[in-house]
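Source file: protein_8.pdb. Holds: PDB, C-alpha atoms, pLDDT in the B column.
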ATOM      1  CA  MET A  23      37.476 -35.631 -37.353  1.00 54.00           C
ATOM      2  CA  SER A  24      35.847 -35.115 -33.986  1.00 61.00           C
ATOM      3  CA  GLY A  25      36.218 -31.299 -34.248  1.00 62.00           C
ATOM      4  CA  GLU A  26      34.323 -31.052 -37.543  1.00 66.00           C
ATOM      5  CA  ARG A  27      30.558 -30.566 -37.680  1.00 61.00           C
ATOM      6  CA  PRO A  28      28.499 -32.874 -39.821  1.00 63.00           C
ATOM      7  CA  SER A  29      26.966 -30.882 -42.654  1.00 69.00           C
ATOM      8  CA  GLY A  30      23.410 -32.205 -42.087  1.00 72.00           C
ATOM      9  CA  LEU A  31      22.873 -30.676 -38.611  1.00 74.00           C
ATOM     10  CA  PRO A  32      21.442 -27.156 -38.224  1.00 77.00           C
ATOM     11  CA  ARG A  33      23.643 -24.517 -36.684  1.00 79.00           C
ATOM     12  CA  VAL A  34      22.898 -23.721 -33.023  1.00 78.00           C
ATOM     13  CA  ARG A  35      22.317 -20.043 -32.325  1.00 80.00           C
ATOM     14  CA  PRO A  36      23.881 -18.574 -29.180  1.00 81.00           C
ATOM     15  CA  ARG A  37      21.509 -17.622 -26.363  1.00 79.00           C
ATOM     16  CA  LEU A  38      20.650 -14.040 -25.596  1.00 80.00           C
ATOM     17  CA  PRO A  39      22.099 -12.672 -22.352  1.00 83.00           C
ATOM     18  CA  PHE A  40      19.933 -13.243 -19.275  1.00 80.00           C
ATOM     19  CA  GLU A  41      18.041 -10.182 -18.055  1.00 78.00           C
ATOM     20  CA  PRO A  42      16.220 -10.635 -14.746  1.00 74.00           C
ATOM     21  CA  VAL A  43      12.641  -9.423 -14.520  1.00 71.00           C
ATOM     22  CA  GLN A  44      12.321  -6.329 -12.370  1.00 73.00           C
ATOM     23  CA  SER A  45       9.303  -6.960 -10.176  1.00 73.00           C
ATOM     24  CA  PRO A  46       8.069  -4.708  -7.379  1.00 70.00           C
ATOM     25  CA  LEU A  47       7.831  -7.780  -5.153  1.00 73.00           C
ATOM     26  CA  THR A  48      11.535  -8.634  -5.263  1.00 75.00           C
ATOM     27  CA  GLY A  49      14.472  -7.324  -3.305  1.00 78.00           C
ATOM     28  CA  GLN A  50      14.296  -4.637  -0.636  1.00 81.00           C
ATOM     29  CA  THR A  51      11.215  -2.967  -2.115  1.00 84.00           C
ATOM     30  CA  GLY A  52       9.244  -6.198  -2.089  1.00 87.00           C
ATOM     31  CA  LYS A  53      10.248  -6.886   1.492  1.00 91.00           C
ATOM     32  CA  LEU A  54       9.023  -3.475   2.610  1.00 93.00           C
ATOM     33  CA  PHE A  55       5.830  -3.859   0.582  1.00 93.00           C
ATOM     34  CA  LEU A  56       5.088  -7.229   2.188  1.00 94.00           C
ATOM     35  CA  LEU A  57       5.761  -5.899   5.695  1.00 96.00           C
ATOM     36  CA  ALA A  58       3.529  -2.873   5.039  1.00 96.00           C
ATOM     37  CA  LEU A  59       0.788  -5.151   3.726  1.00 96.00           C
ATOM     38  CA  LEU A  60       0.989  -7.349   6.840  1.00 97.00           C
ATOM     39  CA  MET A  61       0.966  -4.288   9.090  1.00 98.00           C
ATOM     40  CA  ALA A  62      -2.134  -2.925   7.326  1.00 98.00           C
ATOM     41  CA  ALA A  63      -3.875  -6.294   7.717  1.00 98.00           C
ATOM     42  CA  CYS A  64      -3.112  -6.341  11.452  1.00 98.00           C
ATOM     43  CA  VAL A  65      -4.351  -2.763  11.885  1.00 98.00           C
ATOM     44  CA  ALA A  66      -7.538  -3.628   9.989  1.00 98.00           C
ATOM     45  CA  ALA A  67      -8.111  -6.750  12.109  1.00 97.00           C
ATOM     46  CA  ALA A  68      -7.608  -4.863  15.371  1.00 97.00           C
ATOM     47  CA  ALA A  69      -9.827  -1.980  14.246  1.00 97.00           C
ATOM     48  CA  TYR A  70     -12.546  -4.373  13.106  1.00 97.00           C
ATOM     49  CA  MET A  71     -12.561  -6.238  16.417  1.00 97.00           C
ATOM     50  CA  LEU A  72     -12.551  -2.992  18.376  1.00 96.00           C
ATOM     51  CA  LEU A  73     -15.055  -0.907  16.400  1.00 96.00           C
ATOM     52  CA  VAL A  74     -17.360  -3.376  14.650  1.00 96.00           C
ATOM     53  CA  ALA A  75     -17.360  -6.352  17.002  1.00 95.00           C
ATOM     54  CA  ARG A  76     -17.437  -3.972  20.020  1.00 95.00           C
ATOM     55  CA  MET A  77     -14.789  -5.857  21.971  1.00 96.00           C
ATOM     56  CA  PRO A  78     -12.956  -4.163  24.838  1.00 96.00           C
ATOM     57  CA  TRP A  79      -9.401  -2.813  24.403  1.00 93.00           C
ATOM     58  CA  THR A  80      -8.022  -5.542  26.667  1.00 95.00           C
ATOM     59  CA  ASP A  81      -9.470  -8.471  24.711  1.00 96.00           C
ATOM     60  CA  MET A  82      -6.743 -10.573  23.112  1.00 96.00           C
ATOM     61  CA  ARG A  83      -8.546 -10.455  19.754  1.00 96.00           C
ATOM     62  CA  VAL A  84      -7.843  -6.699  19.775  1.00 97.00           C
ATOM     63  CA  VAL A  85      -4.468  -6.671  21.515  1.00 97.00           C
ATOM     64  CA  GLY A  86      -2.942  -9.487  19.414  1.00 97.00           C
ATOM     65  CA  PRO A  87      -3.338  -7.851  15.990  1.00 97.00           C
ATOM     66  CA  ALA A  88      -2.362  -4.474  17.471  1.00 97.00           C
ATOM     67  CA  ILE A  89       0.898  -5.942  18.774  1.00 98.00           C
ATOM     68  CA  GLY A  90       1.425  -7.558  15.365  1.00 98.00           C
ATOM     69  CA  ALA A  91       0.936  -4.187  13.660  1.00 98.00           C
ATOM     70  CA  LEU A  92       3.491  -2.623  16.003  1.00 98.00           C
ATOM     71  CA  TRP A  93       5.909  -5.471  15.277  1.00 98.00           C
ATOM     72  CA  PHE A  94       5.650  -5.110  11.502  1.00 98.00           C
ATOM     73  CA  GLY A  95       5.957  -1.331  11.851  1.00 97.00           C
ATOM     74  CA  LEU A  96       9.161  -1.850  13.830  1.00 97.00           C
ATOM     75  CA  ARG A  97      10.482  -4.196  11.141  1.00 96.00           C
ATOM     76  CA  ILE A  98       9.788  -1.564   8.456  1.00 95.00           C
ATOM     77  CA  PHE A  99      11.597   1.052  10.554  1.00 96.00           C
ATOM     78  CA  MET A 100      14.560  -1.299  11.046  1.00 94.00           C
ATOM     79  CA  ASN A 101      14.766  -1.989   7.296  1.00 93.00           C
ATOM     80  CA  LEU A 102      14.632   1.696   6.380  1.00 93.00           C
ATOM     81  CA  THR A 103      17.367   2.850   8.776  1.00 92.00           C
ATOM     82  CA  PRO A 104      20.992   2.576   7.619  1.00 89.00           C
ATOM     83  CA  LYS A 105      22.999  -0.342   8.926  1.00 81.00           C
ATOM     84  CA  LEU A 106      26.193   0.488  10.793  1.00 79.00           C
TER      85      LEU A 106
END
For the file at hand, write its structure as structure tokens.
Amino acid sequence: MSGERPSGLPRVRPRLPFEPVQSPLTGQTGKLFLLALLMAACVAAAAYMLLVARMPWTDMRVVGPAIGALWFGLRIFMNLTPKL
């Protein structure tokens, strides 16, 4: 009796198989895109402080974003090289 379905209930349809959404911001490609975006923002900040705000090369508001751009560039290089 417990294995039988009551006749008044609607039949439940099985679910469709799950297909993940392929987004450009996921996985390895998204990681590289985010790092490249951060590197571009750091380059833009350093260039703005240097060229528009007329700050000297040694000012920390120029050096800080430049070091950040180098760091994110290094991270992109490390992610693109094969792992041993």
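Every protein, DNA or RNA residue with an atom at most 9 Å from A:Pro46, where only C-alpha atoms count and chain neighbours fewer than 4 positions away do not, is listed here: A:Thr51, A:Gly52, A:Phe55.
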For this file, the PyMOL selection byres ((chain A and resi 80-85) around 12) selects which residues, as a PyMOL selection string?
chain A and resi 64-79+86-92
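For the pair atom CA of A:Phe99 and atom CA of A:Ser45, the interatomic distance is 22.3 Å.
What separates atom CA of A:Leu47 from atom CA of A:Leu106 is a distance of 25.7 Å.
The neighbours of A:Asn101 here are the residues that come within 10 Å of it, using only C-alpha atoms and leaving out any residue fewer than 3 positions away in the same chain; they are Gln50, Lys53, Leu54, Leu57, Gly95, Leu96, Arg97, Ile98, Pro104 and Lys105 of chain A.
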Nearest to A:Trp93 among A:Val43, A:Leu31, A:Met61, A:Leu56, with distances taken over only C-alpha atoms: which residue is it?
A:Met61
